[in-house]
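Everything below belongs to target-v4.txt, which stores compact mmCIF, N, CA and C atoms.
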```txt
# COMPACT_ATOMS: atom_id res chain seq x y z
N MET A 1 -102.48 26.18 -73.54
CA MET A 1 -101.98 26.12 -74.90
C MET A 1 -100.49 25.79 -74.92
N ALA A 2 -99.75 26.42 -74.01
CA ALA A 2 -98.31 26.16 -73.93
C ALA A 2 -98.07 24.72 -73.50
N ASP A 3 -98.96 24.22 -72.63
CA ASP A 3 -98.85 22.84 -72.17
C ASP A 3 -98.97 21.87 -73.34
N GLU A 4 -99.90 22.14 -74.24
CA GLU A 4 -100.09 21.29 -75.42
C GLU A 4 -98.88 21.39 -76.35
N ALA A 5 -98.33 22.57 -76.49
CA ALA A 5 -97.14 22.76 -77.34
C ALA A 5 -95.95 22.00 -76.76
N ASN A 6 -95.80 22.05 -75.44
CA ASN A 6 -94.71 21.32 -74.79
C ASN A 6 -94.89 19.81 -74.96
N ARG A 7 -96.11 19.35 -74.85
CA ARG A 7 -96.40 17.92 -75.01
C ARG A 7 -96.08 17.48 -76.45
N THR A 8 -96.45 18.29 -77.43
CA THR A 8 -96.16 18.00 -78.83
C THR A 8 -94.65 17.99 -79.07
N ALA A 9 -93.96 18.96 -78.48
CA ALA A 9 -92.50 19.03 -78.62
C ALA A 9 -91.85 17.79 -78.00
N PHE A 10 -92.38 17.36 -76.85
CA PHE A 10 -91.82 16.18 -76.19
C PHE A 10 -92.00 14.93 -77.05
N VAL A 11 -93.19 14.77 -77.61
CA VAL A 11 -93.45 13.60 -78.47
C VAL A 11 -92.53 13.61 -79.68
N GLU A 12 -92.32 14.79 -80.25
CA GLU A 12 -91.41 14.92 -81.41
C GLU A 12 -89.97 14.57 -81.01
N LEU A 13 -89.53 15.09 -79.87
CA LEU A 13 -88.17 14.80 -79.40
C LEU A 13 -88.01 13.32 -79.05
N GLN A 14 -89.04 12.75 -78.49
CA GLN A 14 -89.00 11.33 -78.16
C GLN A 14 -88.86 10.49 -79.43
N GLY A 15 -89.58 10.87 -80.48
CA GLY A 15 -89.47 10.17 -81.77
C GLY A 15 -88.07 10.29 -82.36
N ARG A 16 -87.50 11.49 -82.27
CA ARG A 16 -86.12 11.69 -82.77
C ARG A 16 -85.12 10.87 -81.95
N LEU A 17 -85.36 10.77 -80.65
CA LEU A 17 -84.49 9.99 -79.78
C LEU A 17 -84.51 8.52 -80.18
N ILE A 18 -85.68 7.99 -80.40
CA ILE A 18 -85.83 6.58 -80.79
C ILE A 18 -85.19 6.34 -82.15
N GLU A 19 -85.44 7.24 -83.09
CA GLU A 19 -84.89 7.11 -84.44
C GLU A 19 -83.35 7.17 -84.43
N THR A 20 -82.81 8.12 -83.70
CA THR A 20 -81.36 8.29 -83.64
C THR A 20 -80.71 7.09 -82.96
N THR A 21 -81.34 6.59 -81.91
CA THR A 21 -80.81 5.41 -81.21
C THR A 21 -80.79 4.20 -82.13
N ALA A 22 -81.83 4.02 -82.92
CA ALA A 22 -81.89 2.90 -83.86
C ALA A 22 -80.80 3.03 -84.92
N LYS A 23 -80.61 4.23 -85.45
CA LYS A 23 -79.56 4.45 -86.46
C LYS A 23 -78.18 4.18 -85.87
N LEU A 24 -77.97 4.61 -84.63
CA LEU A 24 -76.69 4.40 -83.97
C LEU A 24 -76.41 2.91 -83.79
N LYS A 25 -77.42 2.16 -83.38
CA LYS A 25 -77.25 0.72 -83.22
C LYS A 25 -76.94 0.05 -84.56
N GLN A 26 -77.58 0.51 -85.61
CA GLN A 26 -77.34 -0.04 -86.95
C GLN A 26 -75.90 0.23 -87.39
N VAL A 27 -75.41 1.44 -87.15
CA VAL A 27 -74.03 1.79 -87.53
C VAL A 27 -73.05 0.95 -86.72
N GLN A 28 -73.32 0.77 -85.43
CA GLN A 28 -72.44 -0.05 -84.60
C GLN A 28 -72.41 -1.49 -85.09
N HIS A 29 -73.56 -2.01 -85.51
CA HIS A 29 -73.63 -3.37 -86.05
C HIS A 29 -72.82 -3.48 -87.34
N GLN A 30 -72.95 -2.49 -88.21
CA GLN A 30 -72.19 -2.48 -89.45
C GLN A 30 -70.69 -2.41 -89.17
N MET A 31 -70.31 -1.63 -88.17
CA MET A 31 -68.89 -1.52 -87.82
C MET A 31 -68.34 -2.87 -87.34
N ARG A 32 -69.13 -3.58 -86.53
CA ARG A 32 -68.68 -4.91 -86.08
C ARG A 32 -68.50 -5.84 -87.26
N GLY A 33 -69.40 -5.79 -88.23
CA GLY A 33 -69.28 -6.62 -89.42
C GLY A 33 -68.03 -6.28 -90.23
N LYS A 34 -67.79 -5.00 -90.41
CA LYS A 34 -66.60 -4.56 -91.17
C LYS A 34 -65.31 -4.91 -90.42
N GLU A 35 -65.34 -4.84 -89.09
CA GLU A 35 -64.17 -5.24 -88.30
C GLU A 35 -63.86 -6.72 -88.52
N GLY A 36 -64.91 -7.54 -88.59
CA GLY A 36 -64.73 -8.97 -88.87
C GLY A 36 -64.15 -9.21 -90.25
N GLU A 37 -64.68 -8.49 -91.24
CA GLU A 37 -64.16 -8.61 -92.60
C GLU A 37 -62.69 -8.20 -92.65
N LYS A 38 -62.36 -7.13 -91.96
CA LYS A 38 -60.98 -6.64 -91.93
C LYS A 38 -60.06 -7.69 -91.31
N LYS A 39 -60.50 -8.28 -90.22
CA LYS A 39 -59.68 -9.28 -89.55
C LYS A 39 -59.48 -10.52 -90.43
N ARG A 40 -60.54 -10.97 -91.10
CA ARG A 40 -60.41 -12.12 -92.00
C ARG A 40 -59.46 -11.81 -93.15
N ALA A 41 -59.58 -10.62 -93.72
CA ALA A 41 -58.70 -10.24 -94.82
C ALA A 41 -57.25 -10.17 -94.35
N TYR A 42 -57.04 -9.62 -93.17
CA TYR A 42 -55.68 -9.52 -92.63
C TYR A 42 -55.08 -10.91 -92.39
N LEU A 43 -55.85 -11.79 -91.75
CA LEU A 43 -55.35 -13.13 -91.46
C LEU A 43 -55.09 -13.93 -92.74
N THR A 44 -55.99 -13.81 -93.72
CA THR A 44 -55.81 -14.50 -95.00
C THR A 44 -54.57 -13.97 -95.71
N LEU A 45 -54.41 -12.65 -95.71
CA LEU A 45 -53.24 -12.04 -96.35
C LEU A 45 -51.95 -12.50 -95.66
N ASP A 46 -51.98 -12.55 -94.35
CA ASP A 46 -50.81 -13.00 -93.59
C ASP A 46 -50.43 -14.43 -93.96
N GLU A 47 -51.43 -15.30 -94.06
CA GLU A 47 -51.16 -16.70 -94.43
C GLU A 47 -50.66 -16.80 -95.88
N LEU A 48 -51.25 -16.03 -96.78
CA LEU A 48 -50.82 -16.06 -98.18
C LEU A 48 -49.38 -15.60 -98.34
N GLN A 49 -48.99 -14.60 -97.59
CA GLN A 49 -47.63 -14.08 -97.73
C GLN A 49 -46.58 -15.06 -97.21
N ARG A 50 -46.97 -15.95 -96.36
CA ARG A 50 -46.04 -16.97 -95.85
C ARG A 50 -45.78 -18.09 -96.86
N LEU A 51 -46.70 -18.24 -97.83
CA LEU A 51 -46.58 -19.33 -98.80
C LEU A 51 -45.53 -19.01 -99.87
N PRO A 52 -44.88 -20.05 -100.39
CA PRO A 52 -43.96 -19.83 -101.52
C PRO A 52 -44.75 -19.33 -102.74
N ASP A 53 -44.07 -18.60 -103.63
CA ASP A 53 -44.75 -18.01 -104.79
C ASP A 53 -45.33 -19.03 -105.75
N ASP A 54 -44.79 -20.24 -105.78
CA ASP A 54 -45.27 -21.24 -106.74
C ASP A 54 -46.40 -22.11 -106.17
N THR A 55 -46.94 -21.76 -105.01
CA THR A 55 -48.01 -22.53 -104.38
C THR A 55 -49.33 -22.32 -105.12
N ASN A 56 -50.05 -23.43 -105.34
CA ASN A 56 -51.38 -23.34 -105.92
C ASN A 56 -52.34 -22.79 -104.85
N THR A 57 -53.06 -21.76 -105.20
CA THR A 57 -54.06 -21.19 -104.29
C THR A 57 -55.42 -21.25 -104.97
N TYR A 58 -56.44 -21.43 -104.16
CA TYR A 58 -57.79 -21.57 -104.68
C TYR A 58 -58.70 -20.52 -104.05
N LYS A 59 -59.54 -19.94 -104.89
CA LYS A 59 -60.49 -18.93 -104.46
C LYS A 59 -61.87 -19.59 -104.38
N SER A 60 -62.56 -19.35 -103.30
CA SER A 60 -63.89 -19.91 -103.10
C SER A 60 -64.93 -19.00 -103.76
N ILE A 61 -65.74 -19.61 -104.62
CA ILE A 61 -66.86 -18.89 -105.24
C ILE A 61 -68.09 -19.76 -104.99
N GLY A 62 -68.81 -19.44 -103.92
CA GLY A 62 -69.94 -20.28 -103.53
C GLY A 62 -69.42 -21.64 -103.10
N LYS A 63 -69.89 -22.71 -103.76
CA LYS A 63 -69.43 -24.07 -103.47
C LYS A 63 -68.27 -24.48 -104.36
N LEU A 64 -67.87 -23.59 -105.23
CA LEU A 64 -66.84 -23.89 -106.22
C LEU A 64 -65.51 -23.29 -105.80
N PHE A 65 -64.42 -24.00 -106.07
CA PHE A 65 -63.07 -23.48 -105.81
C PHE A 65 -62.36 -23.33 -107.15
N VAL A 66 -61.82 -22.14 -107.38
CA VAL A 66 -61.17 -21.83 -108.65
C VAL A 66 -59.69 -21.57 -108.38
N LEU A 67 -58.83 -22.18 -109.22
CA LEU A 67 -57.39 -21.98 -109.11
C LEU A 67 -57.05 -20.55 -109.49
N GLU A 68 -56.33 -19.87 -108.59
CA GLU A 68 -55.90 -18.48 -108.83
C GLU A 68 -54.42 -18.38 -108.48
N PRO A 69 -53.67 -17.57 -109.20
CA PRO A 69 -52.28 -17.35 -108.83
C PRO A 69 -52.21 -16.64 -107.47
N LYS A 70 -51.16 -16.93 -106.74
CA LYS A 70 -50.99 -16.34 -105.42
C LYS A 70 -50.99 -14.83 -105.49
N SER A 71 -50.37 -14.26 -106.49
CA SER A 71 -50.28 -12.80 -106.62
C SER A 71 -51.67 -12.15 -106.73
N VAL A 72 -52.58 -12.80 -107.46
CA VAL A 72 -53.94 -12.28 -107.60
C VAL A 72 -54.66 -12.33 -106.25
N MET A 73 -54.47 -13.42 -105.54
CA MET A 73 -55.12 -13.57 -104.23
C MET A 73 -54.60 -12.52 -103.24
N VAL A 74 -53.30 -12.25 -103.28
CA VAL A 74 -52.71 -11.25 -102.38
C VAL A 74 -53.29 -9.87 -102.69
N VAL A 75 -53.37 -9.53 -103.96
CA VAL A 75 -53.93 -8.22 -104.35
C VAL A 75 -55.38 -8.11 -103.90
N GLU A 76 -56.17 -9.17 -104.07
CA GLU A 76 -57.57 -9.15 -103.66
C GLU A 76 -57.71 -8.96 -102.15
N GLN A 77 -56.87 -9.65 -101.38
CA GLN A 77 -56.95 -9.53 -99.93
C GLN A 77 -56.51 -8.14 -99.46
N LYS A 78 -55.49 -7.58 -100.11
CA LYS A 78 -55.08 -6.22 -99.76
C LYS A 78 -56.20 -5.23 -100.05
N GLN A 79 -56.88 -5.44 -101.18
CA GLN A 79 -57.99 -4.55 -101.53
C GLN A 79 -59.14 -4.69 -100.53
N ARG A 80 -59.44 -5.91 -100.12
CA ARG A 80 -60.49 -6.12 -99.11
C ARG A 80 -60.13 -5.43 -97.81
N LEU A 81 -58.86 -5.54 -97.43
CA LEU A 81 -58.39 -4.91 -96.19
C LEU A 81 -58.54 -3.39 -96.28
N GLU A 82 -58.13 -2.80 -97.39
CA GLU A 82 -58.25 -1.35 -97.58
C GLU A 82 -59.71 -0.91 -97.61
N ASP A 83 -60.55 -1.69 -98.30
CA ASP A 83 -61.97 -1.34 -98.38
C ASP A 83 -62.62 -1.38 -96.99
N SER A 84 -62.27 -2.40 -96.22
CA SER A 84 -62.82 -2.51 -94.86
C SER A 84 -62.38 -1.35 -93.99
N GLU A 85 -61.11 -0.97 -94.09
CA GLU A 85 -60.61 0.15 -93.30
C GLU A 85 -61.31 1.45 -93.69
N ALA A 86 -61.52 1.65 -94.98
CA ALA A 86 -62.21 2.86 -95.44
C ALA A 86 -63.66 2.88 -94.95
N ALA A 87 -64.32 1.73 -95.00
CA ALA A 87 -65.71 1.65 -94.54
C ALA A 87 -65.78 1.90 -93.03
N ILE A 88 -64.83 1.37 -92.29
CA ILE A 88 -64.82 1.57 -90.84
C ILE A 88 -64.62 3.04 -90.51
N THR A 89 -63.73 3.70 -91.24
CA THR A 89 -63.50 5.13 -91.02
C THR A 89 -64.77 5.93 -91.29
N SER A 90 -65.44 5.61 -92.37
CA SER A 90 -66.69 6.28 -92.72
C SER A 90 -67.77 6.03 -91.66
N LEU A 91 -67.88 4.78 -91.23
CA LEU A 91 -68.87 4.44 -90.21
C LEU A 91 -68.55 5.10 -88.88
N GLN A 92 -67.27 5.25 -88.57
CA GLN A 92 -66.88 5.92 -87.32
C GLN A 92 -67.32 7.38 -87.34
N THR A 93 -67.18 8.02 -88.51
CA THR A 93 -67.63 9.41 -88.65
C THR A 93 -69.14 9.49 -88.45
N SER A 94 -69.87 8.56 -89.06
CA SER A 94 -71.33 8.52 -88.89
C SER A 94 -71.70 8.28 -87.44
N LYS A 95 -70.98 7.39 -86.79
CA LYS A 95 -71.26 7.08 -85.38
C LYS A 95 -71.06 8.31 -84.51
N GLU A 96 -69.97 9.03 -84.73
CA GLU A 96 -69.72 10.25 -83.94
C GLU A 96 -70.81 11.28 -84.16
N TYR A 97 -71.24 11.44 -85.42
CA TYR A 97 -72.31 12.39 -85.73
C TYR A 97 -73.61 11.99 -85.01
N LEU A 98 -73.95 10.71 -85.07
CA LEU A 98 -75.18 10.24 -84.43
C LEU A 98 -75.10 10.36 -82.91
N GLU A 99 -73.93 10.14 -82.35
CA GLU A 99 -73.78 10.30 -80.90
C GLU A 99 -73.98 11.76 -80.49
N LYS A 100 -73.50 12.69 -81.32
CA LYS A 100 -73.72 14.12 -81.04
C LYS A 100 -75.20 14.46 -81.14
N GLN A 101 -75.86 13.91 -82.17
CA GLN A 101 -77.31 14.15 -82.32
C GLN A 101 -78.07 13.60 -81.12
N LEU A 102 -77.69 12.41 -80.69
CA LEU A 102 -78.35 11.77 -79.55
C LEU A 102 -78.18 12.62 -78.29
N ALA A 103 -76.98 13.09 -78.05
CA ALA A 103 -76.73 13.94 -76.88
C ALA A 103 -77.54 15.23 -76.96
N GLU A 104 -77.66 15.79 -78.16
CA GLU A 104 -78.43 17.02 -78.34
C GLU A 104 -79.91 16.79 -78.05
N VAL A 105 -80.45 15.69 -78.55
CA VAL A 105 -81.87 15.39 -78.32
C VAL A 105 -82.11 15.14 -76.83
N GLU A 106 -81.21 14.39 -76.19
CA GLU A 106 -81.37 14.14 -74.75
C GLU A 106 -81.33 15.46 -73.98
N ASN A 107 -80.43 16.34 -74.37
CA ASN A 107 -80.33 17.64 -73.71
C ASN A 107 -81.61 18.45 -73.92
N ASN A 108 -82.15 18.43 -75.14
CA ASN A 108 -83.39 19.15 -75.43
C ASN A 108 -84.55 18.61 -74.59
N ILE A 109 -84.62 17.30 -74.44
CA ILE A 109 -85.68 16.70 -73.61
C ILE A 109 -85.51 17.13 -72.16
N ARG A 110 -84.27 17.09 -71.68
CA ARG A 110 -83.98 17.51 -70.30
C ARG A 110 -84.41 18.95 -70.06
N GLU A 111 -84.06 19.84 -71.01
CA GLU A 111 -84.43 21.25 -70.88
C GLU A 111 -85.94 21.43 -70.90
N LEU A 112 -86.61 20.71 -71.78
CA LEU A 112 -88.07 20.81 -71.88
C LEU A 112 -88.72 20.38 -70.58
N LEU A 113 -88.22 19.30 -69.99
CA LEU A 113 -88.82 18.81 -68.74
C LEU A 113 -88.51 19.75 -67.58
N GLN A 114 -87.36 20.42 -67.62
CA GLN A 114 -87.04 21.39 -66.56
C GLN A 114 -87.90 22.64 -66.69
N GLN A 115 -88.24 23.02 -67.93
CA GLN A 115 -89.07 24.20 -68.16
C GLN A 115 -90.52 23.96 -67.73
N ASP A 116 -90.98 22.73 -67.91
CA ASP A 116 -92.38 22.41 -67.64
C ASP A 116 -92.47 21.24 -66.65
N PRO A 117 -92.39 21.55 -65.34
CA PRO A 117 -92.46 20.47 -64.35
C PRO A 117 -93.78 19.69 -64.40
N GLY A 118 -94.83 20.34 -64.83
CA GLY A 118 -96.12 19.65 -64.95
C GLY A 118 -96.05 18.54 -65.98
N LEU A 119 -95.38 18.79 -67.09
CA LEU A 119 -95.19 17.77 -68.12
C LEU A 119 -94.35 16.62 -67.58
N ALA A 120 -93.32 16.96 -66.81
CA ALA A 120 -92.46 15.92 -66.23
C ALA A 120 -93.26 15.03 -65.30
N ARG A 121 -94.12 15.64 -64.46
CA ARG A 121 -94.96 14.84 -63.54
C ARG A 121 -95.93 13.97 -64.32
N GLN A 122 -96.49 14.54 -65.39
CA GLN A 122 -97.44 13.79 -66.22
C GLN A 122 -96.76 12.58 -66.86
N ILE A 123 -95.56 12.75 -67.34
CA ILE A 123 -94.81 11.66 -67.96
C ILE A 123 -94.46 10.62 -66.93
N MET A 124 -94.04 11.06 -65.76
CA MET A 124 -93.68 10.13 -64.69
C MET A 124 -94.90 9.33 -64.23
N SER A 125 -96.07 9.96 -64.19
CA SER A 125 -97.28 9.23 -63.77
C SER A 125 -97.68 8.20 -64.82
N MET A 126 -97.34 8.47 -66.10
CA MET A 126 -97.66 7.51 -67.16
C MET A 126 -96.73 6.31 -67.11
N THR A 127 -95.48 6.50 -66.72
CA THR A 127 -94.53 5.39 -66.70
C THR A 127 -94.69 4.52 -65.47
N VAL A 128 -95.28 5.06 -64.38
CA VAL A 128 -95.46 4.29 -63.15
C VAL A 128 -96.55 3.24 -63.34
N MET A 129 -97.55 3.56 -64.15
CA MET A 129 -98.68 2.64 -64.34
C MET A 129 -98.31 1.37 -64.96
```

Represent the structure of the file as structure tokens.
Amino acid sequence: MADEANRTAFVELQGRLIETTAKLKQVQHQMRGKEGEKKRAYLTLDELQRLPDDTNTYKSIGKLFVLEPKSVMVVEQKQRLEDSEAAITSLQTSKEYLEKQLAEVENNIRELLQQDPGLARQIMSMTVM
């Protein structure tokens, strides 16, 4: 009976491990995207600030370019930069939380396999096939 309970616990932990790993990969992917957005906003802002104030600037909206004052474009880029930084900070917090969860699940699996060597042998025999 205990063997069946350990097997059920292992399957549950394995499911949590897979789920947490997938969430972690998703957060890492989102962070890379936000890092790219942040870099584009920074570079665009840097280029805009080098331009004279009377320069015509155009904002891309799909295939259309709309004339915008430089000041409006600078404010928009600063806002994009701030939004990206805030999103990255939030995603970093999520990433740290998921990494802790992942470590906890791995530790629980390790403890379960140490408690029940028969289950460990059974799992190893399944992976060898």

- Query: When you draw a straight line from atom CA of Leu98 of chain A to atom C of Arg16 of chain A, how long is it in Å?
  - Reply: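 So the answer is 10.3 Å.
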
- Query: To one decimal place, how far is atom CA of Tyr42 of chain A from atom CA of Arg80 of chain A in Å?
  - Reply: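 Straight-line distance from atom CA of Tyr42 of chain A to atom CA of Arg80 of chain A works out to 8.8 Å.
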
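Within 7 Å of Ile109 of chain A, once only C-alpha atoms are used and residues closer than 3 positions along the same chain are dropped, the contacting residues are A:Phe10, A:Leu13, A:Val105, A:Glu106, A:Leu112, A:Leu113.
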
- Task: Looking only at alpha helix (DSSP H) from DSSP on the backbone, list the matching residues of chain A as a VMD selection string.
- Result: chain A and resid 2 to 50 70 to 115 117 to 128

- As a check of understanding: the span from atom N of Glu82 of chain A to atom N of Thr21 of chain A is 29.4 Å

- as a count of residues only, please: all residues of chain A that backbone DSSP puts in strand (DSSP E). 10

- Task: Could you give me, as an MDAnalysis selection string, the residues within 12 Å of Glu37 of chain A, counting only C-alpha atoms and dropping anything in the same chain fewer than 3 positions from it?
- Result: chainID A and resid 30:34 40:44 77:88

Repair of segment 7-22 of chain A at the level of N, CA, C and O atoms, as a PDB file, keeping the file's coordinate frame:
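Result file follows (rebuild-v8.pdb):
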```
ATOM      1  N   ARG A   7     -96.110  19.350 -74.850  1.00  0.00           N
ATOM      2  CA  ARG A   7     -96.400  17.920 -75.010  1.00  0.00           C
ATOM      3  C   ARG A   7     -96.080  17.480 -76.450  1.00  0.00           C
ATOM      4  O   ARG A   7     -95.462  16.436 -76.671  1.00  0.00           O
ATOM      5  N   THR A   8     -96.450  18.290 -77.430  1.00  0.00           N
ATOM      6  CA  THR A   8     -96.160  18.000 -78.830  1.00  0.00           C
ATOM      7  C   THR A   8     -94.650  17.990 -79.070  1.00  0.00           C
ATOM      8  O   THR A   8     -94.126  17.107 -79.748  1.00  0.00           O
ATOM      9  N   ALA A   9     -93.960  18.960 -78.480  1.00  0.00           N
ATOM     10  CA  ALA A   9     -92.500  19.030 -78.620  1.00  0.00           C
ATOM     11  C   ALA A   9     -91.850  17.790 -78.000  1.00  0.00           C
ATOM     12  O   ALA A   9     -90.898  17.226 -78.552  1.00  0.00           O
ATOM     13  N   PHE A  10     -92.380  17.360 -76.850  1.00  0.00           N
ATOM     14  CA  PHE A  10     -91.820  16.180 -76.190  1.00  0.00           C
ATOM     15  C   PHE A  10     -92.000  14.930 -77.050  1.00  0.00           C
ATOM     16  O   PHE A  10     -91.068  14.139 -77.205  1.00  0.00           O
ATOM     17  N   VAL A  11     -93.190  14.770 -77.610  1.00  0.00           N
ATOM     18  CA  VAL A  11     -93.450  13.600 -78.470  1.00  0.00           C
ATOM     19  C   VAL A  11     -92.530  13.610 -79.680  1.00  0.00           C
ATOM     20  O   VAL A  11     -91.973  12.584 -80.069  1.00  0.00           O
ATOM     21  N   GLU A  12     -92.320  14.790 -80.250  1.00  0.00           N
ATOM     22  CA  GLU A  12     -91.410  14.920 -81.410  1.00  0.00           C
ATOM     23  C   GLU A  12     -89.970  14.570 -81.010  1.00  0.00           C
ATOM     24  O   GLU A  12     -89.288  13.820 -81.705  1.00  0.00           O
ATOM     25  N   LEU A  13     -89.530  15.090 -79.870  1.00  0.00           N
ATOM     26  CA  LEU A  13     -88.170  14.800 -79.400  1.00  0.00           C
ATOM     27  C   LEU A  13     -88.010  13.320 -79.050  1.00  0.00           C
ATOM     28  O   LEU A  13     -86.963  12.722 -79.323  1.00  0.00           O
ATOM     29  N   GLN A  14     -89.040  12.750 -78.490  1.00  0.00           N
ATOM     30  CA  GLN A  14     -89.000  11.330 -78.160  1.00  0.00           C
ATOM     31  C   GLN A  14     -88.860  10.490 -79.430  1.00  0.00           C
ATOM     32  O   GLN A  14     -88.091   9.528 -79.478  1.00  0.00           O
ATOM     33  N   GLY A  15     -89.580  10.870 -80.480  1.00  0.00           N
ATOM     34  CA  GLY A  15     -89.470  10.170 -81.770  1.00  0.00           C
ATOM     35  C   GLY A  15     -88.070  10.290 -82.360  1.00  0.00           C
ATOM     36  O   GLY A  15     -87.516   9.318 -82.859  1.00  0.00           O
ATOM     37  N   ARG A  16     -87.500  11.490 -82.270  1.00  0.00           N
ATOM     38  CA  ARG A  16     -86.120  11.690 -82.770  1.00  0.00           C
ATOM     39  C   ARG A  16     -85.120  10.870 -81.950  1.00  0.00           C
ATOM     40  O   ARG A  16     -84.158  10.337 -82.508  1.00  0.00           O
ATOM     41  N   LEU A  17     -85.360  10.770 -80.650  1.00  0.00           N
ATOM     42  CA  LEU A  17     -84.490   9.990 -79.780  1.00  0.00           C
ATOM     43  C   LEU A  17     -84.510   8.520 -80.180  1.00  0.00           C
ATOM     44  O   LEU A  17     -83.462   7.881 -80.321  1.00  0.00           O
ATOM     45  N   ILE A  18     -85.680   7.990 -80.400  1.00  0.00           N
ATOM     46  CA  ILE A  18     -85.830   6.580 -80.790  1.00  0.00           C
ATOM     47  C   ILE A  18     -85.190   6.340 -82.150  1.00  0.00           C
ATOM     48  O   ILE A  18     -84.453   5.368 -82.351  1.00  0.00           O
ATOM     49  N   GLU A  19     -85.440   7.240 -83.090  1.00  0.00           N
ATOM     50  CA  GLU A  19     -84.890   7.110 -84.440  1.00  0.00           C
ATOM     51  C   GLU A  19     -83.350   7.170 -84.430  1.00  0.00           C
ATOM     52  O   GLU A  19     -82.685   6.350 -85.064  1.00  0.00           O
ATOM     53  N   THR A  20     -82.810   8.120 -83.700  1.00  0.00           N
ATOM     54  CA  THR A  20     -81.360   8.290 -83.640  1.00  0.00           C
ATOM     55  C   THR A  20     -80.710   7.090 -82.960  1.00  0.00           C
ATOM     56  O   THR A  20     -79.661   6.607 -83.391  1.00  0.00           O
ATOM     57  N   THR A  21     -81.340   6.590 -81.910  1.00  0.00           N
ATOM     58  CA  THR A  21     -80.810   5.410 -81.210  1.00  0.00           C
ATOM     59  C   THR A  21     -80.790   4.200 -82.130  1.00  0.00           C
ATOM     60  O   THR A  21     -79.811   3.445 -82.160  1.00  0.00           O
ATOM     61  N   ALA A  22     -81.830   4.020 -82.920  1.00  0.00           N
ATOM     62  CA  ALA A  22     -81.890   2.900 -83.860  1.00  0.00           C
ATOM     63  C   ALA A  22     -80.800   3.030 -84.920  1.00  0.00           C
ATOM     64  O   ALA A  22     -80.130   2.042 -85.264  1.00  0.00           O
TER      65      ALA A  22
END
```
